[in-house]
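Written below as structure tokens is the structure these notes are about.
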Amino acid sequence: MPTIPVSLQTYTVRNVLADDFVGVVKQIAEMGYAGIEIGGNLGGMSPGEFRSFVGDLGLALTGNHVGIDALESNLSQVIDENLAIGNRWIVCPWMPEDRRQDAAGWRTVAGLLSEIGAKVKAAGLQLCYHNHSFEFQRFDGQTGFDIFYAAADPDLVQAEIDTYWVQHGGDDPAATIERFAGRVPLVHLKDMTPGDSPTFTEVGNGILDFPAIFAASERAGVEWYIVEQDTCAGPSLERARISFDNLRKWGIA
């Protein structure tokens, strides 16, 4: 039996979500996904309406991506909205280039997110950071990724590790997840095409070593897998279904 449930990041289906938010989220639930992760889009509903809508479909909320600017300038409102929609994880999804020019920049960011994370934690929620591949640029032999997480408070800033971007950055996704055992509640399952110019593909249709990723995630105490495909070669809902079906064949979903 699967021990880590599977969610979908709605960014995957953003092109159709804009036209039929309710219908698309219903289809996600019908596919078998146990939750959704969002990026602030409530489909025009109030927080209370959104919470009821998602709950009625049997879906959990497994994160909300909130940009650093909003976290800095409007944190109280961000916290209030996430409490209202029933979301536990507030995820900073990106770090602007001007904040990560060197090791000192990453340490400054770590301090900032630790301060924000303390306020998020006090409200009963958890702040996470979602990586891309730029975190794996090296400064004096250390990656920005390692500099950042070493400087950030491990209780206040946890990790949402993105498997595609770790691989793209030249590191090993399974080893990275295992190294962050106890600090990585969320893992983005995202696969990569082979070749010198890789791009995104459905989970299970690419080159990532998912058996190793699953084993590492079990050992690391991961709470949710979250499927995401940044770009799709075909209809996005179909691609989300392929990823889920592949996970189900593996006994993961």
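Ordering of the structure tokens sets the chain letters (A, B, ...); residue numbers start at 1 within each chain; ligands are numbered from 1 in the order shown.
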
Which residues come within 9 Å of stretch 82-85 of chain A, counting only C-alpha atoms, excluding same-chain residues fewer than 2 positions away, as number ranges by chain? A: 46-52, 61, 64, 77-80, 87-90, 123-125

Mind listing the strand (DSSP E) residues of stretch 66-236 of chain A, per DSSP on the backbone, as a PyMOL selection string? chain A and resi 89-92+126-130+138-139+142-143+157-162+186-189+191-192+200-201+224-227

How would the residues just chosen look if you wrote them out with C-alpha atoms as a PDB file, in the first residue's frame?
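The resulting out_10.pdb:
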```
ATOM      1  CA  TRP A  89       2.419  24.691   3.744  1.00  0.00           C
ATOM      2  CA  ILE A  90       3.349  28.132   2.425  1.00  0.00           C
ATOM      3  CA  VAL A  91       6.007  27.623  -0.234  1.00  0.00           C
ATOM      4  CA  CYS A  92       8.402  30.269  -1.533  1.00  0.00           C
ATOM      5  CA  GLN A 126       5.045  25.761   7.820  1.00  0.00           C
ATOM      6  CA  LEU A 127       7.254  27.705   5.411  1.00  0.00           C
ATOM      7  CA  CYS A 128       9.087  25.741   2.706  1.00  0.00           C
ATOM      8  CA  TYR A 129      11.397  26.710  -0.137  1.00  0.00           C
ATOM      9  CA  HIS A 130      11.079  25.194  -3.619  1.00  0.00           C
ATOM     10  CA  ARG A 138      28.854  27.007  -6.668  1.00  0.00           C
ATOM     11  CA  PHE A 139      30.472  29.704  -4.550  1.00  0.00           C
ATOM     12  CA  GLN A 142      29.684  25.124  -2.029  1.00  0.00           C
ATOM     13  CA  THR A 143      26.358  25.229  -3.809  1.00  0.00           C
ATOM     14  CA  VAL A 157      12.459  26.800   6.637  1.00  0.00           C
ATOM     15  CA  GLN A 158      11.842  23.330   5.274  1.00  0.00           C
ATOM     16  CA  ALA A 159      12.311  22.011   1.749  1.00  0.00           C
ATOM     17  CA  GLU A 160      10.046  21.252  -1.154  1.00  0.00           C
ATOM     18  CA  ILE A 161      12.568  19.368  -3.283  1.00  0.00           C
ATOM     19  CA  ASP A 162      11.943  19.374  -7.024  1.00  0.00           C
ATOM     20  CA  LEU A 186       7.026  17.877   0.121  1.00  0.00           C
ATOM     21  CA  VAL A 187       8.642  16.406  -2.999  1.00  0.00           C
ATOM     22  CA  HIS A 188       7.842  17.564  -6.520  1.00  0.00           C
ATOM     23  CA  LEU A 189       7.823  14.518  -8.779  1.00  0.00           C
ATOM     24  CA  ASP A 191      10.616  13.829 -14.936  1.00  0.00           C
ATOM     25  CA  MET A 192      13.178  14.751 -17.611  1.00  0.00           C
ATOM     26  CA  PHE A 200       9.866  18.092 -18.981  1.00  0.00           C
ATOM     27  CA  THR A 201       7.958  14.869 -19.473  1.00  0.00           C
ATOM     28  CA  TRP A 224       3.321  14.378   0.080  1.00  0.00           C
ATOM     29  CA  TYR A 225       4.413  13.668  -3.464  1.00  0.00           C
ATOM     30  CA  ILE A 226       3.334  16.468  -5.796  1.00  0.00           C
ATOM     31  CA  VAL A 227       3.302  15.838  -9.545  1.00  0.00           C
TER      32      VAL A 227
END
```

Excluding A:Ala103 and any residue of its chain fewer than 2 positions from it, enumerate the residues within 7 Å of it, using only C-alpha atoms, and give them as JSON, numbers by chain. {"A": [105, 106, 107, 139, 144, 147]}

Residue selection dump (N, CA and C atoms) as a tab-separated table (two decimals), in the first residue's frame:
```tsv
chain	number	residue	atom	x	y	z
A	105	GLY	N	24.63	36.55	-0.43
A	105	GLY	CA	23.23	36.73	-0.81
A	105	GLY	C	22.37	35.58	-0.34
A	106	TRP	N	22.87	34.36	-0.50
A	106	TRP	CA	22.11	33.20	-0.04
A	106	TRP	C	21.96	33.19	1.48
A	107	ARG	N	22.99	33.63	2.18
A	107	ARG	CA	22.88	33.68	3.64
A	107	ARG	C	21.88	34.75	4.08
A	139	PHE	N	29.74	28.55	-5.06
A	139	PHE	CA	30.47	29.70	-4.55
A	139	PHE	C	31.53	29.18	-3.59
A	144	GLY	N	24.85	27.11	-3.76
A	144	GLY	CA	23.91	28.02	-3.10
A	144	GLY	C	22.87	27.25	-2.31
A	147	ILE	N	24.51	26.30	0.99
A	147	ILE	CA	24.74	27.51	1.78
A	147	ILE	C	23.43	27.99	2.40
```

Residues of stretch 162-250 of chain A at most 12 Å from stretch 4-9 of chain A: nearest atom pair and distance in Å, only C-alpha atoms, as CSV:
```
residue,atom,partner,partner_atom,distance
A:Asp162,CA,A:Gln9,CA,11.7
A:Pro185,CA,A:Ile4,CA,10.2
A:Leu186,CA,A:Ser7,CA,10.0
A:Val187,CA,A:Val6,CA,9.8
A:His188,CA,A:Gln9,CA,8.5
A:Leu189,CA,A:Val6,CA,9.3
A:Lys190,CA,A:Gln9,CA,10.6
A:Val203,CA,A:Leu8,CA,11.7
A:Phe214,CA,A:Ile4,CA,9.1
A:Ala215,CA,A:Ile4,CA,11.0
A:Ala216,CA,A:Ile4,CA,11.9
A:Ser217,CA,A:Ile4,CA,8.5
A:Glu218,CA,A:Ile4,CA,7.6
A:Arg219,CA,A:Ile4,CA,11.2
A:Ala220,CA,A:Ile4,CA,11.3
A:Gly221,CA,A:Ile4,CA,9.0
A:Val222,CA,A:Ile4,CA,7.1
A:Glu223,CA,A:Ile4,CA,5.9
A:Trp224,CA,A:Pro5,CA,5.5
A:Tyr225,CA,A:Val6,CA,4.8
A:Ile226,CA,A:Ser7,CA,4.5
A:Val227,CA,A:Leu8,CA,4.8
A:Glu228,CA,A:Gln9,CA,5.3
A:Gln229,CA,A:Gln9,CA,8.3
A:Asp230,CA,A:Gln9,CA,9.5
A:Ser236,CA,A:Leu8,CA,11.7
A:Leu237,CA,A:Leu8,CA,10.6
A:Arg239,CA,A:Leu8,CA,11.3
A:Ala240,CA,A:Leu8,CA,7.7
A:Arg241,CA,A:Leu8,CA,10.1
A:Ser243,CA,A:Leu8,CA,9.8
A:Phe244,CA,A:Val6,CA,8.2
A:Asp245,CA,A:Val6,CA,11.4
A:Asn246,CA,A:Val6,CA,12.0
A:Leu247,CA,A:Val6,CA,8.8
A:Arg248,CA,A:Val6,CA,9.9
```

Take the residues from that selection and put them in a file with C-alpha atoms, as a PDB file, in the first residue's frame.
```pdb
ATOM      1  CA  ASP A 162      11.943  19.374  -7.024  1.00  0.00           C
ATOM      2  CA  PRO A 185       7.757  17.290   3.815  1.00  0.00           C
ATOM      3  CA  LEU A 186       7.026  17.877   0.121  1.00  0.00           C
ATOM      4  CA  VAL A 187       8.642  16.406  -2.999  1.00  0.00           C
ATOM      5  CA  HIS A 188       7.842  17.564  -6.520  1.00  0.00           C
ATOM      6  CA  LEU A 189       7.823  14.518  -8.779  1.00  0.00           C
ATOM      7  CA  LYS A 190       8.909  15.795 -12.161  1.00  0.00           C
ATOM      8  CA  VAL A 203       6.553  11.045 -14.432  1.00  0.00           C
ATOM      9  CA  PHE A 214      10.620   6.791  -3.641  1.00  0.00           C
ATOM     10  CA  ALA A 215      12.884   4.796  -1.320  1.00  0.00           C
ATOM     11  CA  ALA A 216      14.695   7.953  -0.193  1.00  0.00           C
ATOM     12  CA  SER A 217      11.390   9.757   0.350  1.00  0.00           C
ATOM     13  CA  GLU A 218      10.087   6.954   2.565  1.00  0.00           C
ATOM     14  CA  ARG A 219      13.237   7.091   4.685  1.00  0.00           C
ATOM     15  CA  ALA A 220      13.216  10.902   4.815  1.00  0.00           C
ATOM     16  CA  GLY A 221       9.675  11.216   6.175  1.00  0.00           C
ATOM     17  CA  VAL A 222       8.179  12.910   3.104  1.00  0.00           C
ATOM     18  CA  GLU A 223       4.479  13.656   3.646  1.00  0.00           C
ATOM     19  CA  TRP A 224       3.321  14.378   0.080  1.00  0.00           C
ATOM     20  CA  TYR A 225       4.413  13.668  -3.464  1.00  0.00           C
ATOM     21  CA  ILE A 226       3.334  16.468  -5.796  1.00  0.00           C
ATOM     22  CA  VAL A 227       3.302  15.838  -9.545  1.00  0.00           C
ATOM     23  CA  GLU A 228       4.208  18.829 -11.670  1.00  0.00           C
ATOM     24  CA  GLN A 229       4.994  19.239 -15.358  1.00  0.00           C
ATOM     25  CA  ASP A 230       6.085  22.768 -16.228  1.00  0.00           C
ATOM     26  CA  SER A 236      -2.063  19.057 -19.923  1.00  0.00           C
ATOM     27  CA  LEU A 237      -4.864  17.103 -18.235  1.00  0.00           C
ATOM     28  CA  ARG A 239      -0.305  14.468 -19.207  1.00  0.00           C
ATOM     29  CA  ALA A 240      -1.355  14.712 -15.562  1.00  0.00           C
ATOM     30  CA  ARG A 241      -3.318  11.492 -16.015  1.00  0.00           C
ATOM     31  CA  SER A 243       1.874  10.649 -14.653  1.00  0.00           C
ATOM     32  CA  PHE A 244      -0.733   9.417 -12.174  1.00  0.00           C
ATOM     33  CA  ASP A 245      -1.304   6.175 -14.062  1.00  0.00           C
ATOM     34  CA  ASN A 246       2.440   5.487 -14.122  1.00  0.00           C
ATOM     35  CA  LEU A 247       2.611   6.071 -10.369  1.00  0.00           C
ATOM     36  CA  ARG A 248      -0.342   3.737  -9.882  1.00  0.00           C
TER      37      ARG A 248
END
```

Which residues come within 6 Å of stretch 167-179 of chain A, counting only C-alpha atoms, excluding same-chain residues fewer than 3 positions away, as an MDAnalysis selection string? chainID A and resid 133 136 163:164 212:213 216 220

Which residues come within 12 Å of A:Gly58, counting only C-alpha atoms, excluding same-chain residues fewer than 2 positions away, as a ChimeraX atom specification? /A:7,25-26,28-30,32-36,51-56,60-61

Limited to N, CA and C atoms, could you put the picked residues into a file as a PDB file, in the first residue's frame?
```pdb
ATOM      1  N   SER A   7      -0.356  14.308  -4.890  1.00  0.00           N
ATOM      2  CA  SER A   7      -1.075  15.541  -5.205  1.00  0.00           C
ATOM      3  C   SER A   7      -0.649  16.020  -6.597  1.00  0.00           C
ATOM      4  N   VAL A  25     -10.543  21.032 -11.715  1.00  0.00           N
ATOM      5  CA  VAL A  25     -10.222  20.486 -10.398  1.00  0.00           C
ATOM      6  C   VAL A  25     -11.042  19.216 -10.137  1.00  0.00           C
ATOM      7  N   LYS A  26     -12.269  19.185 -10.605  1.00  0.00           N
ATOM      8  CA  LYS A  26     -13.068  17.961 -10.464  1.00  0.00           C
ATOM      9  C   LYS A  26     -12.418  16.809 -11.223  1.00  0.00           C
ATOM     10  N   ILE A  28      -9.246  16.437 -11.828  1.00  0.00           N
ATOM     11  CA  ILE A  28      -8.056  16.036 -11.066  1.00  0.00           C
ATOM     12  C   ILE A  28      -8.444  15.049  -9.974  1.00  0.00           C
ATOM     13  N   ALA A  29      -9.522  15.357  -9.276  1.00  0.00           N
ATOM     14  CA  ALA A  29      -9.999  14.453  -8.222  1.00  0.00           C
ATOM     15  C   ALA A  29     -10.439  13.117  -8.809  1.00  0.00           C
ATOM     16  N   GLU A  30     -11.126  13.162  -9.947  1.00  0.00           N
ATOM     17  CA  GLU A  30     -11.620  11.932 -10.570  1.00  0.00           C
ATOM     18  C   GLU A  30     -10.478  11.039 -11.055  1.00  0.00           C
ATOM     19  N   GLY A  32      -7.861  10.462  -9.459  1.00  0.00           N
ATOM     20  CA  GLY A  32      -7.376   9.733  -8.303  1.00  0.00           C
ATOM     21  C   GLY A  32      -6.388  10.490  -7.452  1.00  0.00           C
ATOM     22  N   TYR A  33      -6.015  11.695  -7.881  1.00  0.00           N
ATOM     23  CA  TYR A  33      -5.123  12.501  -7.051  1.00  0.00           C
ATOM     24  C   TYR A  33      -5.777  12.762  -5.695  1.00  0.00           C
ATOM     25  N   ALA A  34      -4.957  12.735  -4.652  1.00  0.00           N
ATOM     26  CA  ALA A  34      -5.473  12.927  -3.293  1.00  0.00           C
ATOM     27  C   ALA A  34      -5.446  14.379  -2.852  1.00  0.00           C
ATOM     28  N   GLY A  35      -4.775  15.235  -3.617  1.00  0.00           N
ATOM     29  CA  GLY A  35      -4.688  16.634  -3.231  1.00  0.00           C
ATOM     30  C   GLY A  35      -4.274  17.502  -4.397  1.00  0.00           C
ATOM     31  N   ILE A  36      -4.273  18.806  -4.157  1.00  0.00           N
ATOM     32  CA  ILE A  36      -3.746  19.767  -5.111  1.00  0.00           C
ATOM     33  C   ILE A  36      -2.847  20.752  -4.376  1.00  0.00           C
ATOM     34  N   ARG A  51     -12.262  26.409   0.213  1.00  0.00           N
ATOM     35  CA  ARG A  51     -12.015  25.309   1.158  1.00  0.00           C
ATOM     36  C   ARG A  51     -13.130  24.278   1.085  1.00  0.00           C
ATOM     37  N   SER A  52     -14.355  24.732   1.026  1.00  0.00           N
ATOM     38  CA  SER A  52     -15.486  23.803   0.943  1.00  0.00           C
ATOM     39  C   SER A  52     -15.483  23.045  -0.371  1.00  0.00           C
ATOM     40  N   PHE A  53     -15.201  23.743  -1.459  1.00  0.00           N
ATOM     41  CA  PHE A  53     -15.166  23.129  -2.790  1.00  0.00           C
ATOM     42  C   PHE A  53     -14.137  22.004  -2.840  1.00  0.00           C
ATOM     43  N   VAL A  54     -12.931  22.300  -2.392  1.00  0.00           N
ATOM     44  CA  VAL A  54     -11.864  21.297  -2.419  1.00  0.00           C
ATOM     45  C   VAL A  54     -12.196  20.142  -1.475  1.00  0.00           C
ATOM     46  N   GLY A  55     -12.669  20.471  -0.290  1.00  0.00           N
ATOM     47  CA  GLY A  55     -13.007  19.432   0.678  1.00  0.00           C
ATOM     48  C   GLY A  55     -14.114  18.521   0.200  1.00  0.00           C
ATOM     49  N   ASP A  56     -15.116  19.089  -0.463  1.00  0.00           N
ATOM     50  CA  ASP A  56     -16.228  18.286  -0.967  1.00  0.00           C
ATOM     51  C   ASP A  56     -15.772  17.284  -2.023  1.00  0.00           C
ATOM     52  N   ALA A  60      -7.087  17.189  -0.530  1.00  0.00           N
ATOM     53  CA  ALA A  60      -6.338  17.947   0.471  1.00  0.00           C
ATOM     54  C   ALA A  60      -5.601  19.088  -0.228  1.00  0.00           C
ATOM     55  N   LEU A  61      -5.318  20.132   0.524  1.00  0.00           N
ATOM     56  CA  LEU A  61      -4.434  21.193   0.027  1.00  0.00           C
ATOM     57  C   LEU A  61      -3.028  20.882   0.504  1.00  0.00           C
TER      58      LEU A  61
END
```

If you run DSSP on this backbone, which residues of stretch 62-246 of chain A come out as alpha helix (DSSP H), and could you give them as a PyMOL selection string? chain A and resi 68-73+75-85+103-122+144-151+163-168+173-179+210-220+236-246

How many Å lie between atom CA of A:Pro93 and atom CA of A:Gly40, rounded to one decimal?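 One can read the atom CA of A:Pro93 to atom CA of A:Gly40 distance as 11.7 Å.
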
Atom CA of A:Leu57 to atom CA of A:Ala253: how many Å, to one decimal?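 The value is 17.3 Å.
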
For A:Gly39, list every protein, DNA or RNA residue within 8 Å, evaluated using only C-alpha atoms, and leave out those in the same chain fewer than 3 positions away; present the list as JSON, numbers by chain. {"A": [10, 11, 64, 65, 66]}

Save the residues we just selected, N, CA and C atoms, as a PDB file, in the first residue's frame?
```pdb
ATOM      1  N   THR A  10      -1.289  22.538  -9.570  1.00  0.00           N
ATOM      2  CA  THR A  10      -2.221  22.992 -10.607  1.00  0.00           C
ATOM      3  C   THR A  10      -1.548  23.843 -11.680  1.00  0.00           C
ATOM      4  N   TYR A  11      -0.295  24.261 -11.462  1.00  0.00           N
ATOM      5  CA  TYR A  11       0.460  24.945 -12.520  1.00  0.00           C
ATOM      6  C   TYR A  11       0.558  24.064 -13.760  1.00  0.00           C
ATOM      7  N   ASN A  64       0.818  26.046  -1.058  1.00  0.00           N
ATOM      8  CA  ASN A  64       0.436  27.240  -1.801  1.00  0.00           C
ATOM      9  C   ASN A  64       1.710  28.016  -2.083  1.00  0.00           C
ATOM     10  N   HIS A  65       2.041  28.185  -3.358  1.00  0.00           N
ATOM     11  CA  HIS A  65       3.240  28.917  -3.745  1.00  0.00           C
ATOM     12  C   HIS A  65       2.973  30.418  -3.647  1.00  0.00           C
ATOM     13  N   VAL A  66       3.790  31.093  -2.851  1.00  0.00           N
ATOM     14  CA  VAL A  66       3.638  32.529  -2.602  1.00  0.00           C
ATOM     15  C   VAL A  66       4.997  33.188  -2.808  1.00  0.00           C
TER      16      VAL A  66
END
```

Find the residue from A:Leu156, A:Gly195, A:Glu97, A:Pro235 that sits nearest to A:Lys119; use only C-alpha atoms when measuring. A:Leu156

Hey, can you check how far atom CA of A:Val13 sits from atom CA of A:Pro96?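 Atom-to-atom, atom CA of A:Val13 and atom CA of A:Pro96 are spaced 24.3 Å apart.
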
Pick from A:Thr12, A:Leu59, A:Leu113, A:Met31, whichever lies nearest to A:Glu202 using only C-alpha atoms: A:Thr12
